[in-house]
>>> print(open('final-v4.pdb').read())   # PDB, C-alpha atoms and all ligand atoms
ATOM      1  CA  MET A  14     -22.342 -21.567   7.419
ATOM      2  CA  ILE A  15     -18.781 -22.576   8.250
ATOM      3  CA  PRO A  16     -17.017 -19.915  10.392
ATOM      4  CA  GLN A  17     -14.250 -18.011   8.627
ATOM      5  CA  PRO A  18     -11.558 -17.349  11.255
ATOM      6  CA  MET A  19      -8.998 -16.288   8.624
ATOM      7  CA  ARG A  20      -9.191 -14.587   5.246
ATOM      8  CA  VAL A  21      -6.709 -13.513   2.577
ATOM      9  CA  GLY A  22      -6.997 -10.188   0.740
ATOM     10  CA  GLN A  23      -5.171  -8.817  -2.276
ATOM     11  CA  GLY A  24      -4.508  -5.205  -3.226
ATOM     12  CA  VAL A  25      -3.037  -3.713  -6.401
ATOM     13  CA  ASP A  26      -2.199  -0.067  -7.059
ATOM     14  CA  ILE A  27      -0.578   1.916  -9.879
ATOM     15  CA  HIS A  28       0.318   5.607 -10.089
ATOM     16  CA  PRO A  29       2.126   7.457 -12.896
ATOM     17  CA  LEU A  30       5.618   8.887 -12.321
ATOM     18  CA  VAL A  31       5.705  12.629 -13.003
ATOM     19  CA  GLU A  32       8.106  15.520 -12.484
ATOM     20  CA  GLY A  33       7.591  17.945  -9.608
ATOM     21  CA  ARG A  34       6.389  15.413  -7.036
ATOM     22  CA  PRO A  35       8.285  13.720  -4.192
ATOM     23  CA  LEU A  36       8.591   9.936  -4.471
ATOM     24  CA  ILE A  37       6.969   8.382  -1.384
ATOM     25  CA  LEU A  38       6.744   4.602  -1.052
ATOM     26  CA  GLY A  39       5.689   2.852   2.131
ATOM     27  CA  GLY A  40       5.904   6.187   3.951
ATOM     28  CA  VAL A  41       9.568   6.659   2.933
ATOM     29  CA  THR A  42      10.585   9.692   0.863
ATOM     30  CA  ILE A  43      13.090   8.398  -1.709
ATOM     31  CA  PRO A  44      15.539  10.672  -3.549
ATOM     32  CA  PHE A  45      14.532  10.676  -7.245
ATOM     33  CA  ASP A  46      13.878  13.197 -10.005
ATOM     34  CA  ARG A  47      10.190  12.268 -10.243
ATOM     35  CA  GLY A  48       7.379  11.189  -7.925
ATOM     36  CA  LEU A  49       4.017   9.453  -8.065
ATOM     37  CA  ASP A  50       1.056  11.516  -9.198
ATOM     38  CA  GLY A  51      -2.267  11.254  -7.439
ATOM     39  CA  HIS A  52      -4.844  12.936  -5.264
ATOM     40  CA  SER A  53      -2.971  11.887  -2.118
ATOM     41  CA  ASP A  54       0.807  11.396  -1.978
ATOM     42  CA  GLY A  55       0.467   8.566  -4.530
ATOM     43  CA  ASP A  56       2.008   5.968  -2.210
ATOM     44  CA  VAL A  57       1.253   2.747  -4.124
ATOM     45  CA  VAL A  58       2.725   0.574  -1.360
ATOM     46  CA  ALA A  59       0.390   2.019   1.274
ATOM     47  CA  HIS A  60      -2.631   1.935  -1.039
ATOM     48  CA  ALA A  61      -2.089  -1.681  -2.125
ATOM     49  CA  ALA A  62      -1.557  -2.672   1.524
ATOM     50  CA  CYS A  63      -4.800  -0.936   2.577
ATOM     51  CA  ASP A  64      -6.809  -2.654  -0.163
ATOM     52  CA  ALA A  65      -5.368  -6.059   0.754
ATOM     53  CA  LEU A  66      -6.327  -5.564   4.407
ATOM     54  CA  LEU A  67      -9.762  -4.143   3.591
ATOM     55  CA  GLY A  68     -10.420  -7.063   1.242
ATOM     56  CA  ALA A  69      -9.378  -9.603   3.866
ATOM     57  CA  ALA A  70     -11.738  -7.938   6.348
ATOM     58  CA  GLY A  71     -14.573  -8.077   3.810
ATOM     59  CA  LEU A  72     -14.801  -4.272   3.599
ATOM     60  CA  ASP A  73     -15.084  -1.935   0.610
ATOM     61  CA  ASP A  74     -11.867  -0.766  -1.025
ATOM     62  CA  LEU A  75      -9.790   2.327  -0.286
ATOM     63  CA  GLY A  76     -11.319   4.405  -3.074
ATOM     64  CA  THR A  77     -14.807   3.798  -1.670
ATOM     65  CA  HIS A  78     -13.850   4.849   1.865
ATOM     66  CA  PHE A  79     -11.655   7.754   0.730
ATOM     67  CA  PRO A  80     -12.939   8.990  -2.657
ATOM     68  CA  GLU A  81     -10.417  10.668  -4.966
ATOM     69  CA  ASN A  82     -12.754  13.674  -5.310
ATOM     70  CA  ASP A  83     -13.036  14.299  -1.551
ATOM     71  CA  PRO A  84     -11.064  17.488  -0.796
ATOM     72  CA  ALA A  85     -10.529  16.257   2.763
ATOM     73  CA  PHE A  86      -7.948  13.837   1.375
ATOM     74  CA  GLU A  87      -6.170  16.246  -0.974
ATOM     75  CA  GLY A  88      -2.459  15.749  -0.358
ATOM     76  CA  ALA A  89      -3.255  13.261   2.393
ATOM     77  CA  SER A  90      -0.409  11.287   3.904
ATOM     78  CA  SER A  91      -1.044   7.673   2.999
ATOM     79  CA  MET A  92       0.378   6.563   6.336
ATOM     80  CA  ASP A  93      -2.543   8.442   7.910
ATOM     81  CA  LEU A  94      -4.921   6.630   5.538
ATOM     82  CA  CYS A  95      -3.345   3.348   6.693
ATOM     83  CA  ARG A  96      -4.049   4.242  10.322
ATOM     84  CA  GLN A  97      -7.673   5.036   9.484
ATOM     85  CA  VAL A  98      -7.999   1.763   7.571
ATOM     86  CA  ALA A  99      -6.538  -0.123  10.550
ATOM     87  CA  GLU A 100      -9.230   1.472  12.754
ATOM     88  CA  LEU A 101     -12.014   0.557  10.274
ATOM     89  CA  VAL A 102     -10.782  -3.029  10.160
ATOM     90  CA  ALA A 103     -10.509  -3.267  13.952
ATOM     91  CA  ALA A 104     -14.033  -1.883  14.295
ATOM     92  CA  SER A 105     -15.289  -4.591  11.925
ATOM     93  CA  GLY A 106     -13.853  -7.307  14.197
ATOM     94  CA  TRP A 107     -10.809  -8.239  12.116
ATOM     95  CA  ALA A 108      -7.067  -7.879  12.632
ATOM     96  CA  ALA A 109      -4.145  -8.157  10.216
ATOM     97  CA  MET A 110      -1.876 -11.167  10.815
ATOM     98  CA  ASN A 111       0.735 -10.553   8.154
ATOM     99  CA  MET A 112       1.226  -8.672   4.938
ATOM    100  CA  THR A 113       3.616  -8.729   1.993
ATOM    101  CA  VAL A 114       3.950  -6.043  -0.669
ATOM    102  CA  THR A 115       5.901  -6.376  -3.932
ATOM    103  CA  ILE A 116       6.885  -3.213  -5.823
ATOM    104  CA  LEU A 117       7.514  -3.439  -9.571
ATOM    105  CA  CYS A 118      10.015  -0.724 -10.464
ATOM    106  CA  ASP A 119      13.331  -0.453 -12.339
ATOM    107  CA  GLU A 120      14.368   3.073 -11.279
ATOM    108  CA  PRO A 121      15.158   4.138  -8.649
ATOM    109  CA  ARG A 122      16.654   1.087  -6.982
ATOM    110  CA  LEU A 123      14.684   0.515  -3.781
ATOM    111  CA  GLY A 124      16.780  -2.096  -1.975
ATOM    112  CA  ASP A 125      18.092   0.384   0.613
ATOM    113  CA  HIS A 126      14.563   1.526   1.497
ATOM    114  CA  VAL A 127      12.414  -1.612   1.721
ATOM    115  CA  GLY A 128      13.466  -2.258   5.338
ATOM    116  CA  GLN A 129      12.101   1.111   6.456
ATOM    117  CA  MET A 130       8.943   0.619   4.367
ATOM    118  CA  SER A 131       8.385  -2.739   6.074
ATOM    119  CA  ALA A 132       8.873  -1.155   9.493
ATOM    120  CA  ASN A 133       6.437   1.644   8.640
ATOM    121  CA  LEU A 134       3.729  -0.820   7.556
ATOM    122  CA  ALA A 135       4.303  -2.934  10.680
ATOM    123  CA  GLY A 136       3.855   0.231  12.746
ATOM    124  CA  VAL A 137       0.611   1.465  11.212
ATOM    125  CA  PHE A 138      -0.993  -1.985  11.047
ATOM    126  CA  ALA A 139       0.264  -3.146  14.489
ATOM    127  CA  LEU A 140       2.147  -6.150  13.075
ATOM    128  CA  GLU A 141       5.230  -7.971  14.325
ATOM    129  CA  PRO A 142       8.292  -6.679  12.433
ATOM    130  CA  ALA A 143       8.698  -9.954  10.523
ATOM    131  CA  SER A 144       4.995  -9.936   9.594
ATOM    132  CA  ALA A 145       5.140  -6.918   7.267
ATOM    133  CA  ARG A 146       7.545  -7.357   4.349
ATOM    134  CA  VAL A 147       8.070  -5.070   1.380
ATOM    135  CA  THR A 148      10.197  -6.278  -1.529
ATOM    136  CA  ALA A 149      11.181  -4.618  -4.801
ATOM    137  CA  LYS A 150      11.257  -6.448  -8.120
ATOM    138  CA  ALA A 151      12.847  -5.115 -11.306
ATOM    139  CA  ALA A 152      10.634  -4.969 -14.397
ATOM    140  CA  GLU A 153      13.652  -5.723 -16.654
ATOM    141  CA  GLY A 154      12.800  -2.798 -18.901
ATOM    142  CA  LEU A 155       9.427  -4.274 -19.817
ATOM    143  CA  GLY A 156       6.072  -2.505 -19.835
ATOM    144  CA  PHE A 157       5.174   0.729 -18.055
ATOM    145  CA  PRO A 158       7.264   0.065 -14.904
ATOM    146  CA  GLY A 159      10.273  -0.826 -17.059
ATOM    147  CA  ARG A 160       9.884   2.381 -19.075
ATOM    148  CA  GLY A 161       9.642   4.431 -15.873
ATOM    149  CA  GLU A 162       6.103   5.601 -16.646
ATOM    150  CA  GLY A 163       4.715   4.429 -13.333
ATOM    151  CA  ILE A 164       5.149   2.146 -10.351
ATOM    152  CA  LEU A 165       2.994  -0.884  -9.507
ATOM    153  CA  ALA A 166       2.546  -2.471  -6.072
ATOM    154  CA  ILE A 167       0.816  -5.744  -5.265
ATOM    155  CA  ALA A 168      -0.067  -6.634  -1.655
ATOM    156  CA  VAL A 169      -1.365  -9.756   0.041
ATOM    157  CA  CYS A 170      -2.693  -9.716   3.593
ATOM    158  CA  LEU A 171      -3.872 -12.436   5.954
ATOM    159  CA  ALA A 172      -6.434 -11.273   8.508
ATOM    160  CA  VAL A 173      -7.977 -13.087  11.469
ATOM    161  CA  ALA A 174     -11.350 -12.584  13.110
ATOM    162  CA  ALA A 175     -10.355 -10.811  16.305
ATOM    163  CA  ASP A 176     -13.109 -12.289  18.489
ATOM    164  CA  LEU A 177     -12.419 -15.968  17.739
TER     165      LEU A 177
HETATM  166 ZN    ZN B 201      -3.185   4.759  -5.058
END
>>> encode(input="final-v4.pdb", output="structure tokens", more="lines below")
Ligand SMILES: [Zn+2]
Amino acid sequence: MIPQPMRVGQGVDIHPLVEGRPLILGGVTIPFDRGLDGHSDGDVVAHAACDALLGAAGLDDLGTHFPENDPAFEGASSMDLCRQVAELVAASGWAAMNMTVTILCDEPRLGDHVGQMSANLAGVFALEPASARVTAKAAEGLGFPGRGEGILAIAVCLAVAADL
């Protein structure tokens, strides 16, 4: 078999926006009147990023490693989940090279926060600052993100076999 020194992974995550929850994206708490519902903090940026990295490393997805029904992860900080995923990936002999995450969301505007989200992802996944980029895209009023019913994040990650 031909060696696979590099692999690409993709991750997608969606959580509903509800009242009475803080809005946390990429580890940044963003002032807003609603937040993302979920077993953990509902951080779609972190979850999509984890699934992209796990996929690139050829590992099972986030929900398999950290089941929604496991009380140990009730209210878990998704930045902590990212650190645990980074350890799983390192133990499997792979390392993230770069990662991009696109958030689909009309409200709130996220432009002032994507820099900090990028820095947070670079920190937890041990990436160069320019190698972890989060961007926000408006849904133009269309579909569930446009109606403010939820937020979608899509991540792509390139990983390299660490021992090559
Ligand atoms: Zn999620």
>>> residues_around(input="final-v4.pdb", residues="region 45-47 of chain A", least_positions_apart="6", cutoff="9 Å", atoms="only C-alpha atoms", output="PyMOL selection string")
chain A and resi 30-36+120-121
>>> residues_near_point(input="final-v4.pdb", point="(-0.2, -1.0, -10.2)", cutoff="9 Å", atoms="only C-alpha atoms", output="list of chain:residue names")
A:Val25, A:Asp26, A:Ile27, A:His28, A:Val57, A:Ala61, A:Ile116, A:Leu117, A:Pro158, A:Gly163, A:Ile164, A:Leu165, A:Ala166, A:Ile167
>>> residues_near_ligand(input="final-v4.pdb", ligand="ligand ZN 201 (chain B)", cutoff="12 Å", atoms="only C-alpha atoms and all ligand atoms", output="ChimeraX atom specification")
/A:24-29,37-39,49-64,74-76,79-81,88-91,94-95,163-167
>>> closest_residue(input="final-v4.pdb", among="A:Asp93, A:Glu162, A:Glu141, A:Asp83", to="Ala109 (chain A)", atoms="only C-alpha atoms")
A:Glu141
>>> residues_around(input="final-v4.pdb", residues="Leu140 (chain A)", least_positions_apart="6", cutoff="12 Å", atoms="only C-alpha atoms", output="PyMOL selection string")
chain A and resi 99+108-113+131-134+146+170-172
>>> write_last_selection(input="final-v4.pdb", atoms="C-alpha atoms", output="mmCIF file, in the frame of the given file")
data_model
loop_
_atom_site.group_PDB
_atom_site.id
_atom_site.type_symbol
_atom_site.label_atom_id
_atom_site.label_comp_id
_atom_site.auth_asym_id
_atom_site.auth_seq_id
_atom_site.Cartn_x
_atom_site.Cartn_y
_atom_site.Cartn_z
ATOM 1 C CA ALA A 99 -6.538 -0.123 10.550
ATOM 2 C CA ALA A 108 -7.067 -7.879 12.632
ATOM 3 C CA ALA A 109 -4.145 -8.157 10.216
ATOM 4 C CA MET A 110 -1.876 -11.167 10.815
ATOM 5 C CA ASN A 111 0.735 -10.553 8.154
ATOM 6 C CA MET A 112 1.226 -8.672 4.938
ATOM 7 C CA THR A 113 3.616 -8.729 1.993
ATOM 8 C CA SER A 131 8.385 -2.739 6.074
ATOM 9 C CA ALA A 132 8.873 -1.155 9.493
ATOM 10 C CA ASN A 133 6.437 1.644 8.640
ATOM 11 C CA LEU A 134 3.729 -0.820 7.556
ATOM 12 C CA ARG A 146 7.545 -7.357 4.349
ATOM 13 C CA CYS A 170 -2.693 -9.716 3.593
ATOM 14 C CA LEU A 171 -3.872 -12.436 5.954
ATOM 15 C CA ALA A 172 -6.434 -11.273 8.508
#
>>> closest_residue(input="final-v4.pdb", among="A:Leu72, A:Met130, A:Cys118, A:Ala85", to="Thr42 (chain A)", atoms="all atoms listed in the file")
A:Met130
>>> closest_residue(input="final-v4.pdb", among="A:Leu155, A:Ala175, A:Ile43, A:Leu66", to="Asp125 (chain A)", atoms="only C-alpha atoms")
A:Ile43
>>> atom_distance(input="final-v4.pdb", atom1="CA of Gln129 (chain A)", atom2="CA of Val41 (chain A)")
7.0 Å
>>> atom_distance(input="final-v4.pdb", atom1="CA of Thr77 (chain A)", atom2="CA of Ala135 (chain A)")
23.7 Å
>>> decode(input="final-v4.pdb", residues="region 47-70 of chain A", atoms="C-alpha atoms", output="PDB file, in the first residue's frame")
ATOM      1  CA  ARG A  47     -29.204  33.548  23.167  1.00  0.00           C
ATOM      2  CA  GLY A  48     -26.651  30.734  23.170  1.00  0.00           C
ATOM      3  CA  LEU A  49     -26.120  27.305  21.656  1.00  0.00           C
ATOM      4  CA  ASP A  50     -27.955  24.410  23.255  1.00  0.00           C
ATOM      5  CA  GLY A  51     -26.229  21.107  23.822  1.00  0.00           C
ATOM      6  CA  HIS A  52     -24.860  18.632  26.312  1.00  0.00           C
ATOM      7  CA  SER A  53     -21.550  20.512  26.461  1.00  0.00           C
ATOM      8  CA  ASP A  54     -21.233  24.270  25.902  1.00  0.00           C
ATOM      9  CA  GLY A  55     -22.515  23.780  22.330  1.00  0.00           C
ATOM     10  CA  ASP A  56     -19.380  25.254  20.748  1.00  0.00           C
ATOM     11  CA  VAL A  57     -19.924  24.344  17.075  1.00  0.00           C
ATOM     12  CA  VAL A  58     -16.540  25.772  16.058  1.00  0.00           C
ATOM     13  CA  ALA A  59     -14.656  23.537  18.493  1.00  0.00           C
ATOM     14  CA  HIS A  60     -16.763  20.479  17.663  1.00  0.00           C
ATOM     15  CA  ALA A  61     -16.390  20.862  13.887  1.00  0.00           C
ATOM     16  CA  ALA A  62     -12.639  21.413  14.337  1.00  0.00           C
ATOM     17  CA  CYS A  63     -12.327  18.257  16.478  1.00  0.00           C
ATOM     18  CA  ASP A  64     -14.207  16.140  13.933  1.00  0.00           C
ATOM     19  CA  ALA A  65     -12.063  17.460  11.075  1.00  0.00           C
ATOM     20  CA  LEU A  66      -8.874  16.579  12.963  1.00  0.00           C
ATOM     21  CA  LEU A  67     -10.170  13.190  14.110  1.00  0.00           C
ATOM     22  CA  GLY A  68     -11.231  12.382  10.547  1.00  0.00           C
ATOM     23  CA  ALA A  69      -7.837  13.364   9.154  1.00  0.00           C
ATOM     24  CA  ALA A  70      -6.176  11.111  11.736  1.00  0.00           C
TER      25      ALA A  70
END
